[in-house]
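These notes concern the structure reproduced below.
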Amino acid sequence: PTTIGSTRHKREKPVSHTPRPPNSFIIYRKEKHAELMSQSTSTSTLNNNVISKIVGSMWKQETPEVKALYAAKAQEEKRVHMLKHPDYKYRPKKA
């Protein structure tokens with residue numbers, strides 16, 4: 001089978017692999033990651049580990065209204081995902 005992006009730490013995924021729709025936190029993280037990167041200076045030490053800690057802490061402090069906004073965005077992403085991939089069913093790998 002043909003695979004995409006073989007790296008040392010990631011599992012190989014078949015070309016036909018359909019990713020899961022993003023949840024509310026993933027959408028939030030994606031937006032905040034872009035904001036943090038645009039605000040960072042070339043001398044700052046922002047890497048994914050640091051950004052994840054910052055964004056996780058930001059998420060915990062967000063109001064229920066903001067979280068509800070991202071939950072609505074996630075629902076819309078899920079709806080679009082279902083239209084694009086009507087036969088999709090999440091099937092986690094067995095250990």
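Naming works like this for the structure tokens: A, B, ... for the chains as they're shown, residue 1 at the start of each chain, ligands 1 onward in shown order.
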Checklist entry - What residues in chain A get the DSSP label helix (DSSP H, G or I)? Please answer as a PyMOL selection string. => result chain A and resi 24-39+48-61+64-84
Residues of the last selection are to be written out with C-alpha atoms, as a PDB file, in the first residue's frame.
```pdb
ATOM      1  CA  SER A  24     -13.618  22.647  19.463  1.00  0.00           C
ATOM      2  CA  PHE A  25     -10.209  22.701  21.171  1.00  0.00           C
ATOM      3  CA  ILE A  26      -8.367  21.714  17.981  1.00  0.00           C
ATOM      4  CA  ILE A  27     -10.013  24.590  16.094  1.00  0.00           C
ATOM      5  CA  TYR A  28      -9.187  26.972  18.971  1.00  0.00           C
ATOM      6  CA  ARG A  29      -5.586  25.765  19.088  1.00  0.00           C
ATOM      7  CA  LYS A  30      -5.154  26.187  15.350  1.00  0.00           C
ATOM      8  CA  GLU A  31      -6.354  29.804  15.497  1.00  0.00           C
ATOM      9  CA  LYS A  32      -4.346  30.681  18.608  1.00  0.00           C
ATOM     10  CA  HIS A  33      -1.226  28.957  17.251  1.00  0.00           C
ATOM     11  CA  ALA A  34      -1.330  31.244  14.213  1.00  0.00           C
ATOM     12  CA  GLU A  35      -1.842  34.312  16.452  1.00  0.00           C
ATOM     13  CA  LEU A  36       1.028  33.391  18.763  1.00  0.00           C
ATOM     14  CA  MET A  37       3.362  32.723  15.845  1.00  0.00           C
ATOM     15  CA  SER A  38       2.516  36.062  14.223  1.00  0.00           C
ATOM     16  CA  GLN A  39       3.184  37.871  17.525  1.00  0.00           C
ATOM     17  CA  ASN A  48       4.881  23.384  19.554  1.00  0.00           C
ATOM     18  CA  ASN A  49       5.412  22.182  23.132  1.00  0.00           C
ATOM     19  CA  VAL A  50       5.453  25.723  24.517  1.00  0.00           C
ATOM     20  CA  ILE A  51       2.527  26.808  22.347  1.00  0.00           C
ATOM     21  CA  SER A  52       0.465  23.794  23.447  1.00  0.00           C
ATOM     22  CA  LYS A  53       0.999  24.678  27.106  1.00  0.00           C
ATOM     23  CA  ILE A  54       0.097  28.332  26.524  1.00  0.00           C
ATOM     24  CA  VAL A  55      -3.000  27.536  24.467  1.00  0.00           C
ATOM     25  CA  GLY A  56      -4.140  24.824  26.891  1.00  0.00           C
ATOM     26  CA  SER A  57      -3.961  27.309  29.732  1.00  0.00           C
ATOM     27  CA  MET A  58      -5.800  29.918  27.640  1.00  0.00           C
ATOM     28  CA  TRP A  59      -8.548  27.393  26.830  1.00  0.00           C
ATOM     29  CA  LYS A  60      -9.083  26.569  30.510  1.00  0.00           C
ATOM     30  CA  GLN A  61      -9.581  30.279  31.241  1.00  0.00           C
ATOM     31  CA  PRO A  64     -18.403  29.302  28.437  1.00  0.00           C
ATOM     32  CA  GLU A  65     -19.564  31.674  25.669  1.00  0.00           C
ATOM     33  CA  VAL A  66     -16.212  31.457  23.861  1.00  0.00           C
ATOM     34  CA  LYS A  67     -16.137  27.678  24.277  1.00  0.00           C
ATOM     35  CA  ALA A  68     -19.696  27.518  22.905  1.00  0.00           C
ATOM     36  CA  LEU A  69     -18.569  29.529  19.858  1.00  0.00           C
ATOM     37  CA  TYR A  70     -15.837  26.979  19.161  1.00  0.00           C
ATOM     38  CA  ALA A  71     -18.253  24.107  19.822  1.00  0.00           C
ATOM     39  CA  ALA A  72     -20.514  25.588  17.129  1.00  0.00           C
ATOM     40  CA  LYS A  73     -17.539  25.821  14.753  1.00  0.00           C
ATOM     41  CA  ALA A  74     -16.720  22.176  15.500  1.00  0.00           C
ATOM     42  CA  GLN A  75     -20.325  21.158  14.789  1.00  0.00           C
ATOM     43  CA  GLU A  76     -20.141  22.937  11.428  1.00  0.00           C
ATOM     44  CA  GLU A  77     -16.828  21.222  10.631  1.00  0.00           C
ATOM     45  CA  LYS A  78     -18.420  17.897  11.529  1.00  0.00           C
ATOM     46  CA  ARG A  79     -21.412  18.624   9.272  1.00  0.00           C
ATOM     47  CA  VAL A  80     -19.135  19.497   6.329  1.00  0.00           C
ATOM     48  CA  HIS A  81     -17.011  16.416   7.063  1.00  0.00           C
ATOM     49  CA  MET A  82     -20.123  14.211   6.945  1.00  0.00           C
ATOM     50  CA  LEU A  83     -21.082  15.692   3.556  1.00  0.00           C
ATOM     51  CA  LYS A  84     -17.604  15.076   2.133  1.00  0.00           C
TER      52      LYS A  84
END
```
